[in-house]
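Peer 1: First, the structure itself, so that you have it in front of you.
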Amino acid sequence: MPLLEAENLSSAYGRVPVLSKVNLSVNKGEVISLIGPSGSGKSTFLRVLMGLLPPTAGEVRIDGGRIDYRSRAQLRAMRDRMAIVFQQYNLFQNMDVLRNVTIAPIKIKKRPRADVEREATALLLKVGLAEKHHAYPDELSGGQQQRVAIARALALKPEILLLDEVTAALDPELVTEVLDTIRSLASEGITMLIVSHEMAFVREVSTRVVMMDKGQVVEIGSPAEIFGSPKEARTREFVGKILRH
Ligand SMILES: Nc1ncnc2c1ncn2[C@@H]1O[C@H](COP(=O)(O)OP(=O)(O)OP(=O)(O)O)[C@@H](O)[C@H]1O
C-alpha cells in the first residue's frame, strides 16, 4: 500500500482554484520531484499534503486512511509524520544551531533532552555541520543555514520529507553543498517529495518525476522518460526550455 496518496485532489486560495484533480501515490523510499512552470501549483500541493491548506475536493490518504482536514487531531497526526523545509530557512536567530535542531523534539514532542541532543549531533554530522553546534544563524552562510533547517526537519523523524525549493534563495556556489546533503538522504532511503528547479539534480536523484502545469498533473514518469522522451507536449516544451537554459 502506498504511504501517501492524493486522489482527484483540488484546492484553492479563497475562490481562486489552484490545484485540479491531482493524482499521485508515493511509496515508502521514493524520491519524487515536482517540476513545472512557475505558478503551476507545486508548492500548493506540498502545502495541502502538509495540512497547511485544505482540499476543496478529492482526498489525501496516509497508509490508506483518508485524512479529514476538519479534524485537528487528524491534521496533527498527519503533520507528525511529515516535515517540510522551505526556500527561506527561518531559523530561530536567538538560538544556536544545536538548540534550533533540538527545540521542537524537546518542547513539542516532550522527548528527553539527552536523547534528542545525541540524535541532533548525529544529524549535524550528516549535514556536514559537526563543528557548528554553538554557532548562531547569523554566523553561518545561507547554505549552512539551510542544512541546519534540514537537520531540524529530520530531528522530528518524519516518514516523509517535503523540500520546497530549498536551494532557490542560495548563491550558486552554495547550492551544491545543500544538494549533496539531499542526495545522501536519498541514498539512505528517506521518502522525499521535492520541488526544485535544479533539473540535473532532479534527473539524477528522483525515482519518479511529476510534471505539473496550471494546477494539474500533466505527466508522471521516470527521469529518463520525462527528460528523455516526454509523452506530453507541455512536458516537452517545459523540459526543452529548461535544458536549453
Ligand atoms: N497565499 C496565496 N494566496 C493566493 N494565491 C496564491 C497564494 N500562494 C500562491 N498563490 C497562487 O497559486 C498559484 C500556484 O502557486 P504555487 O506557489 O503553488 O506554484 P508553484 O508551482 O510552486 O510556483 P513557483 O515555482 O513559482 O513557486 C499561483 O497562481 C500563485 O499566484
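Just remember, in the C-alpha cells the first chain shown is A, the second B, etc., residues are 1-based per chain, and ligands are 1-based in the order shown.
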Throw together the list of residues within 9 Å of ligand 1, counting only C-alpha atoms and all ligand atoms, and drop it here as a PDB file with N, CA and C atoms, in the first residue's frame.

Peer 2:
```
ATOM      1  N   ALA A  12      -7.736  25.499  -3.435  1.00  0.00           N
ATOM      2  CA  ALA A  12      -7.918  26.876  -3.892  1.00  0.00           C
ATOM      3  C   ALA A  12      -7.461  27.835  -2.807  1.00  0.00           C
ATOM      4  N   TYR A  13      -7.047  29.028  -3.244  1.00  0.00           N
ATOM      5  CA  TYR A  13      -6.861  30.124  -2.290  1.00  0.00           C
ATOM      6  C   TYR A  13      -8.117  30.969  -2.388  1.00  0.00           C
ATOM      7  N   GLY A  14      -8.956  30.917  -1.377  1.00  0.00           N
ATOM      8  CA  GLY A  14     -10.248  31.596  -1.464  1.00  0.00           C
ATOM      9  C   GLY A  14     -11.030  31.016  -2.631  1.00  0.00           C
ATOM     10  N   VAL A  16     -10.020  31.281  -5.786  1.00  0.00           N
ATOM     11  CA  VAL A  16      -9.137  31.046  -6.931  1.00  0.00           C
ATOM     12  C   VAL A  16      -8.658  29.593  -6.923  1.00  0.00           C
ATOM     13  N   PRO A  17      -9.117  28.801  -7.897  1.00  0.00           N
ATOM     14  CA  PRO A  17      -8.667  27.401  -7.916  1.00  0.00           C
ATOM     15  C   PRO A  17      -7.177  27.311  -8.247  1.00  0.00           C
ATOM     16  N   VAL A  18      -6.461  26.436  -7.563  1.00  0.00           N
ATOM     17  CA  VAL A  18      -5.018  26.320  -7.791  1.00  0.00           C
ATOM     18  C   VAL A  18      -4.608  24.887  -8.143  1.00  0.00           C
ATOM     19  N   LEU A  19      -5.260  23.914  -7.518  1.00  0.00           N
ATOM     20  CA  LEU A  19      -4.972  22.519  -7.860  1.00  0.00           C
ATOM     21  C   LEU A  19      -6.235  21.895  -8.408  1.00  0.00           C
ATOM     22  N   LEU A  34       8.678  17.282  -8.130  1.00  0.00           N
ATOM     23  CA  LEU A  34       7.620  18.003  -8.840  1.00  0.00           C
ATOM     24  C   LEU A  34       8.285  19.103  -9.647  1.00  0.00           C
ATOM     25  N   ILE A  35       8.031  19.090 -10.954  1.00  0.00           N
ATOM     26  CA  ILE A  35       8.573  20.144 -11.805  1.00  0.00           C
ATOM     27  C   ILE A  35       7.424  20.815 -12.547  1.00  0.00           C
ATOM     28  N   GLY A  36       7.711  21.947 -13.138  1.00  0.00           N
ATOM     29  CA  GLY A  36       6.683  22.646 -13.915  1.00  0.00           C
ATOM     30  C   GLY A  36       6.873  24.143 -13.815  1.00  0.00           C
ATOM     31  N   PRO A  37       6.176  24.883 -14.681  1.00  0.00           N
ATOM     32  CA  PRO A  37       6.369  26.334 -14.708  1.00  0.00           C
ATOM     33  C   PRO A  37       5.998  26.987 -13.382  1.00  0.00           C
ATOM     34  N   SER A  38       6.511  28.183 -13.196  1.00  0.00           N
ATOM     35  CA  SER A  38       6.166  28.967 -12.024  1.00  0.00           C
ATOM     36  C   SER A  38       4.655  29.152 -11.956  1.00  0.00           C
ATOM     37  N   GLY A  39       4.096  28.963 -10.764  1.00  0.00           N
ATOM     38  CA  GLY A  39       2.654  29.143 -10.596  1.00  0.00           C
ATOM     39  C   GLY A  39       1.836  27.918 -10.968  1.00  0.00           C
ATOM     40  N   SER A  40       2.496  26.775 -11.226  1.00  0.00           N
ATOM     41  CA  SER A  40       1.740  25.593 -11.651  1.00  0.00           C
ATOM     42  C   SER A  40       1.114  24.835 -10.481  1.00  0.00           C
ATOM     43  N   GLY A  41       1.434  25.248  -9.253  1.00  0.00           N
ATOM     44  CA  GLY A  41       0.773  24.642  -8.096  1.00  0.00           C
ATOM     45  C   GLY A  41       1.634  23.675  -7.302  1.00  0.00           C
ATOM     46  N   LYS A  42       2.923  23.623  -7.595  1.00  0.00           N
ATOM     47  CA  LYS A  42       3.802  22.657  -6.922  1.00  0.00           C
ATOM     48  C   LYS A  42       3.861  22.910  -5.410  1.00  0.00           C
ATOM     49  N   SER A  43       4.115  24.171  -5.051  1.00  0.00           N
ATOM     50  CA  SER A  43       4.197  24.499  -3.618  1.00  0.00           C
ATOM     51  C   SER A  43       2.855  24.297  -2.933  1.00  0.00           C
ATOM     52  N   THR A  44       1.812  24.644  -3.645  1.00  0.00           N
ATOM     53  CA  THR A  44       0.467  24.499  -3.070  1.00  0.00           C
ATOM     54  C   THR A  44       0.170  23.024  -2.788  1.00  0.00           C
ATOM     55  N   PHE A  45       0.586  22.159  -3.686  1.00  0.00           N
ATOM     56  CA  PHE A  45       0.383  20.724  -3.485  1.00  0.00           C
ATOM     57  C   PHE A  45       1.083  20.271  -2.195  1.00  0.00           C
ATOM     58  N   LEU A  46       2.333  20.707  -2.008  1.00  0.00           N
ATOM     59  CA  LEU A  46       3.040  20.342  -0.770  1.00  0.00           C
ATOM     60  C   LEU A  46       2.299  20.890   0.450  1.00  0.00           C
ATOM     61  N   ARG A  47       1.769  22.107   0.321  1.00  0.00           N
ATOM     62  CA  ARG A  47       1.074  22.711   1.472  1.00  0.00           C
ATOM     63  C   ARG A  47      -0.178  21.927   1.841  1.00  0.00           C
ATOM     64  N   ASP A 164      10.726  22.244  -0.396  1.00  0.00           N
ATOM     65  CA  ASP A 164      10.112  23.206  -1.313  1.00  0.00           C
ATOM     66  C   ASP A 164      11.132  24.236  -1.783  1.00  0.00           C
ATOM     67  N   GLU A 165      11.740  23.977  -2.907  1.00  0.00           N
ATOM     68  CA  GLU A 165      12.731  24.897  -3.496  1.00  0.00           C
ATOM     69  C   GLU A 165      13.784  25.336  -2.479  1.00  0.00           C
ATOM     70  N   VAL A 195      10.326  19.832  -4.564  1.00  0.00           N
ATOM     71  CA  VAL A 195      10.070  20.828  -5.607  1.00  0.00           C
ATOM     72  C   VAL A 195      11.392  21.513  -5.877  1.00  0.00           C
ATOM     73  N   SER A 196      11.860  21.434  -7.112  1.00  0.00           N
ATOM     74  CA  SER A 196      13.174  22.016  -7.404  1.00  0.00           C
ATOM     75  C   SER A 196      13.256  22.432  -8.861  1.00  0.00           C
ATOM     76  N   HIS A 197      14.020  23.492  -9.067  1.00  0.00           N
ATOM     77  CA  HIS A 197      14.305  23.925 -10.439  1.00  0.00           C
ATOM     78  C   HIS A 197      15.684  23.457 -10.883  1.00  0.00           C
ATOM     79  N   MET A 212       3.927  19.248 -13.592  1.00  0.00           N
ATOM     80  CA  MET A 212       2.676  19.964 -13.302  1.00  0.00           C
ATOM     81  C   MET A 212       2.561  21.215 -14.156  1.00  0.00           C
ATOM     82  N   ASP A 213       1.333  21.551 -14.499  1.00  0.00           N
ATOM     83  CA  ASP A 213       1.072  22.810 -15.203  1.00  0.00           C
ATOM     84  C   ASP A 213      -0.352  23.227 -14.884  1.00  0.00           C
ATOM     85  N   LYS A 214      -0.547  24.485 -14.614  1.00  0.00           N
ATOM     86  CA  LYS A 214      -1.878  25.046 -14.358  1.00  0.00           C
ATOM     87  C   LYS A 214      -2.677  24.224 -13.338  1.00  0.00           C
ATOM     88  N   GLY A 215      -2.003  23.811 -12.283  1.00  0.00           N
ATOM     89  CA  GLY A 215      -2.691  23.112 -11.206  1.00  0.00           C
ATOM     90  C   GLY A 215      -2.995  21.648 -11.477  1.00  0.00           C
TER      91      GLY A 215
END
```

Peer 1: Write out as a VMD selection string which residues come within 10 Å of segment 217-222 of chain A when counting only C-alpha atoms, dropping same-chain ones fewer than 5 positions away.

Peer 2: chain A and resid 19 to 24 32 to 36 40 to 42 203 206 to 212 227 to 235

Peer 1: May I have the residues from that selection written out with N, CA and C atoms, as a CSV table (one decimal), in the first residue's frame?

Peer 2:
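Saved the output as part.csv:
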```csv
chain,number,residue,atom,x,y,z
A,19,LEU,N,-5.3,23.9,-7.5
A,19,LEU,CA,-5.0,22.5,-7.9
A,19,LEU,C,-6.2,21.9,-8.4
A,20,SER,N,-6.1,21.1,-9.4
A,20,SER,CA,-7.3,20.5,-10.1
A,20,SER,C,-7.1,19.0,-10.3
A,21,LYS,N,-7.8,18.2,-9.5
A,21,LYS,CA,-7.8,16.7,-9.7
A,21,LYS,C,-6.4,16.1,-9.8
A,22,VAL,N,-5.6,16.4,-8.8
A,22,VAL,CA,-4.3,15.8,-8.8
A,22,VAL,C,-4.3,14.4,-8.3
A,23,ASN,N,-3.6,13.5,-9.0
A,23,ASN,CA,-3.5,12.1,-8.5
A,23,ASN,C,-2.0,11.8,-8.4
A,24,LEU,N,-1.6,11.3,-7.2
A,24,LEU,CA,-0.3,10.8,-7.1
A,24,LEU,C,-0.2,9.9,-5.9
A,32,ILE,N,10.4,11.7,-5.1
A,32,ILE,CA,9.5,12.2,-6.2
A,32,ILE,C,9.7,13.7,-6.3
A,33,SER,N,10.1,14.1,-7.5
A,33,SER,CA,10.3,15.5,-7.8
A,33,SER,C,9.1,16.1,-8.5
A,34,LEU,N,8.7,17.3,-8.1
A,34,LEU,CA,7.6,18.0,-8.8
A,34,LEU,C,8.3,19.1,-9.6
A,35,ILE,N,8.0,19.1,-11.0
A,35,ILE,CA,8.6,20.1,-11.8
A,35,ILE,C,7.4,20.8,-12.5
A,36,GLY,N,7.7,21.9,-13.1
A,36,GLY,CA,6.7,22.6,-13.9
A,36,GLY,C,6.9,24.1,-13.8
A,40,SER,N,2.5,26.8,-11.2
A,40,SER,CA,1.7,25.6,-11.7
A,40,SER,C,1.1,24.8,-10.5
A,41,GLY,N,1.4,25.2,-9.3
A,41,GLY,CA,0.8,24.6,-8.1
A,41,GLY,C,1.6,23.7,-7.3
A,42,LYS,N,2.9,23.6,-7.6
A,42,LYS,CA,3.8,22.7,-6.9
A,42,LYS,C,3.9,22.9,-5.4
A,203,ARG,N,16.9,15.0,-12.2
A,203,ARG,CA,17.1,13.9,-13.1
A,203,ARG,C,17.9,12.8,-12.4
A,206,SER,N,15.8,11.5,-8.6
A,206,SER,CA,14.4,11.1,-8.4
A,206,SER,C,14.1,9.7,-8.8
A,207,THR,N,13.2,9.0,-8.1
A,207,THR,CA,12.7,7.7,-8.6
A,207,THR,C,11.6,8.0,-9.7
A,208,ARG,N,10.8,9.1,-9.4
A,208,ARG,CA,9.8,9.5,-10.4
A,208,ARG,C,9.7,11.0,-10.4
A,209,VAL,N,9.3,11.5,-11.6
A,209,VAL,CA,9.2,13.0,-11.8
A,209,VAL,C,7.8,13.3,-12.2
A,210,VAL,N,7.2,14.3,-11.5
A,210,VAL,CA,5.8,14.7,-11.8
A,210,VAL,C,5.9,16.1,-12.5
A,211,MET,N,5.3,16.1,-13.7
A,211,MET,CA,5.3,17.4,-14.4
A,211,MET,C,3.9,18.0,-14.1
A,212,MET,N,3.9,19.2,-13.6
A,212,MET,CA,2.7,20.0,-13.3
A,212,MET,C,2.6,21.2,-14.2
A,227,PHE,N,12.6,13.4,-19.0
A,227,PHE,CA,13.7,14.3,-19.6
A,227,PHE,C,14.1,13.8,-21.0
A,228,GLY,N,14.0,12.4,-21.2
A,228,GLY,CA,14.5,11.9,-22.5
A,228,GLY,C,13.4,11.7,-23.5
A,229,SER,N,12.2,11.2,-23.1
A,229,SER,CA,11.2,11.0,-24.1
A,229,SER,C,9.8,11.3,-23.5
A,230,PRO,N,9.6,12.6,-23.2
A,230,PRO,CA,8.3,13.0,-22.6
A,230,PRO,C,7.1,12.7,-23.6
A,231,LYS,N,6.0,12.3,-23.0
A,231,LYS,CA,4.9,12.0,-23.9
A,231,LYS,C,4.0,13.2,-24.2
A,232,GLU,N,3.9,14.1,-23.3
A,232,GLU,CA,3.0,15.3,-23.4
A,232,GLU,C,3.7,16.5,-24.0
A,233,ALA,N,3.0,17.2,-24.8
A,233,ALA,CA,3.6,18.4,-25.4
A,233,ALA,C,4.0,19.4,-24.4
A,234,ARG,N,3.2,19.6,-23.3
A,234,ARG,CA,3.6,20.6,-22.3
A,234,ARG,C,4.9,20.2,-21.6
A,235,THR,N,5.1,18.9,-21.4
A,235,THR,CA,6.3,18.5,-20.7
A,235,THR,C,7.5,18.7,-21.7
```

Peer 1: A:Met50, A:Leu91, A:Val26, A:Val31: which is nearest Ala186 of chain A, counting only C-alpha atoms?

Peer 2: A:Val31

Peer 1: Check the DSSP output for the backbone and give back, as a VMD selection string, the residues of segment 14-240 of chain A in alpha helix (DSSP H).

Peer 2: chain A and resid 42 to 49 72 to 80 97 to 103 113 to 126 142 to 154 172 to 187 199 to 205 223 to 228 233 to 240

Peer 1: From the set A:Thr102, A:Asn94, A:Gln216, A:Gln87, which residue has the shortest atom-to-atom contact distance to Arg152 of chain A, counting only C-alpha atoms?

Peer 2: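 Under the stated criterion, the closest residue is A:Thr102.
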
Peer 1: One decimal, in Å: what's the spacing between atom CA of Ala149 of chain A and atom CA of Ser11 of chain A?

Peer 2: 27.4 Å

Peer 1: Using only C-alpha atoms, which of the listed residues (A:Arg99, A:Ala83, A:Ala6, A:Leu185) sits closest to Leu52 of chain A?

Peer 2: A:Ala83

Peer 1: Kindly assemble as JSON lines a list of the segment 154-186 of chain A residues that lie within 12 Å of segment 128-145 of chain A, each paired with its nearest atom pair and their distance in Å to one decimal, using only C-alpha atoms, sorted first by chain and then by ascending residue number.

Peer 2:
```
{"residue": "A:Val166", "atom": "CA", "partner": "A:Gly143", "partner_atom": "CA", "distance": 9.6}
{"residue": "A:Thr167", "atom": "CA", "partner": "A:Gly143", "partner_atom": "CA", "distance": 8.0}
{"residue": "A:Ala168", "atom": "CA", "partner": "A:Gly143", "partner_atom": "CA", "distance": 10.7}
{"residue": "A:Ala169", "atom": "CA", "partner": "A:Gly142", "partner_atom": "CA", "distance": 8.1}
{"residue": "A:Leu170", "atom": "CA", "partner": "A:Gly142", "partner_atom": "CA", "distance": 6.1}
{"residue": "A:Asp171", "atom": "CA", "partner": "A:Gly142", "partner_atom": "CA", "distance": 7.8}
{"residue": "A:Pro172", "atom": "CA", "partner": "A:Gly143", "partner_atom": "CA", "distance": 9.8}
{"residue": "A:Glu173", "atom": "CA", "partner": "A:Gly143", "partner_atom": "CA", "distance": 8.9}
{"residue": "A:Leu174", "atom": "CA", "partner": "A:Gly143", "partner_atom": "CA", "distance": 5.1}
{"residue": "A:Val175", "atom": "CA", "partner": "A:Gly143", "partner_atom": "CA", "distance": 6.7}
{"residue": "A:Thr176", "atom": "CA", "partner": "A:Gly143", "partner_atom": "CA", "distance": 8.7}
{"residue": "A:Glu177", "atom": "CA", "partner": "A:Gly143", "partner_atom": "CA", "distance": 6.8}
{"residue": "A:Val178", "atom": "CA", "partner": "A:Gly143", "partner_atom": "CA", "distance": 6.2}
{"residue": "A:Leu179", "atom": "CA", "partner": "A:Gly143", "partner_atom": "CA", "distance": 9.7}
{"residue": "A:Asp180", "atom": "CA", "partner": "A:Gly128", "partner_atom": "CA", "distance": 9.9}
{"residue": "A:Thr181", "atom": "CA", "partner": "A:Gly128", "partner_atom": "CA", "distance": 8.0}
{"residue": "A:Ile182", "atom": "CA", "partner": "A:Gly128", "partner_atom": "CA", "distance": 11.7}
{"residue": "A:Ser184", "atom": "CA", "partner": "A:Gly128", "partner_atom": "CA", "distance": 11.1}
```

Peer 1: Kindly export the residues of the current selection with N, CA and C atoms, as an mmCIF file, in the first residue's frame.

Peer 2:
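Once written, again_39.cif looks like this:
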```cif
data_model
loop_
_atom_site.group_PDB
_atom_site.id
_atom_site.type_symbol
_atom_site.label_atom_id
_atom_site.label_comp_id
_atom_site.auth_asym_id
_atom_site.auth_seq_id
_atom_site.Cartn_x
_atom_site.Cartn_y
_atom_site.Cartn_z
ATOM 1 N N VAL A 166 14.380 24.348 -1.836
ATOM 2 C CA VAL A 166 15.276 24.675 -0.719
ATOM 3 C C VAL A 166 16.583 25.335 -1.159
ATOM 4 N N THR A 167 16.904 25.269 -2.454
ATOM 5 C CA THR A 167 18.145 25.933 -2.890
ATOM 6 C C THR A 167 17.869 27.234 -3.648
ATOM 7 N N ALA A 168 16.593 27.593 -3.776
ATOM 8 C CA ALA A 168 16.253 28.717 -4.665
ATOM 9 C C ALA A 168 16.780 30.069 -4.173
ATOM 10 N N ALA A 169 16.956 30.200 -2.852
ATOM 11 C CA ALA A 169 17.390 31.505 -2.332
ATOM 12 C C ALA A 169 18.912 31.575 -2.140
ATOM 13 N N LEU A 170 19.595 30.495 -2.536
ATOM 14 C CA LEU A 170 21.038 30.435 -2.237
ATOM 15 C C LEU A 170 21.893 30.950 -3.387
ATOM 16 N N ASP A 171 23.025 31.534 -3.038
ATOM 17 C CA ASP A 171 24.002 31.885 -4.066
ATOM 18 C C ASP A 171 24.457 30.602 -4.746
ATOM 19 N N PRO A 172 24.745 30.676 -6.049
ATOM 20 C CA PRO A 172 25.055 29.460 -6.812
ATOM 21 C C PRO A 172 26.141 28.585 -6.185
ATOM 22 N N GLU A 173 27.154 29.212 -5.596
ATOM 23 C CA GLU A 173 28.258 28.386 -5.074
ATOM 24 C C GLU A 173 27.846 27.622 -3.809
ATOM 25 N N LEU A 174 26.689 27.963 -3.235
ATOM 26 C CA LEU A 174 26.233 27.283 -2.020
ATOM 27 C C LEU A 174 25.192 26.200 -2.307
ATOM 28 N N VAL A 175 24.731 26.174 -3.551
ATOM 29 C CA VAL A 175 23.672 25.218 -3.914
ATOM 30 C C VAL A 175 24.185 23.781 -3.805
ATOM 31 N N THR A 176 25.406 23.548 -4.289
ATOM 32 C CA THR A 176 25.953 22.185 -4.354
ATOM 33 C C THR A 176 25.962 21.501 -3.001
ATOM 34 N N GLU A 177 26.375 22.238 -1.963
ATOM 35 C CA GLU A 177 26.502 21.587 -0.649
ATOM 36 C C GLU A 177 25.131 21.147 -0.123
ATOM 37 N N VAL A 178 24.082 21.910 -0.447
ATOM 38 C CA VAL A 178 22.746 21.520 0.008
ATOM 39 C C VAL A 178 22.246 20.325 -0.823
ATOM 40 N N LEU A 179 22.505 20.369 -2.135
ATOM 41 C CA LEU A 179 22.102 19.235 -2.983
ATOM 42 C C LEU A 179 22.843 17.961 -2.565
ATOM 43 N N ASP A 180 24.116 18.087 -2.189
ATOM 44 C CA ASP A 180 24.872 16.914 -1.718
ATOM 45 C C ASP A 180 24.200 16.299 -0.491
ATOM 46 N N THR A 181 23.742 17.167 0.404
ATOM 47 C CA THR A 181 23.053 16.685 1.611
ATOM 48 C C THR A 181 21.786 15.921 1.228
ATOM 49 N N ILE A 182 21.012 16.483 0.319
ATOM 50 C CA ILE A 182 19.753 15.827 -0.076
ATOM 51 C C ILE A 182 20.055 14.496 -0.778
ATOM 52 N N SER A 184 22.535 12.524 -0.249
ATOM 53 C CA SER A 184 22.900 11.465 0.697
ATOM 54 C C SER A 184 21.662 10.999 1.477
#
```
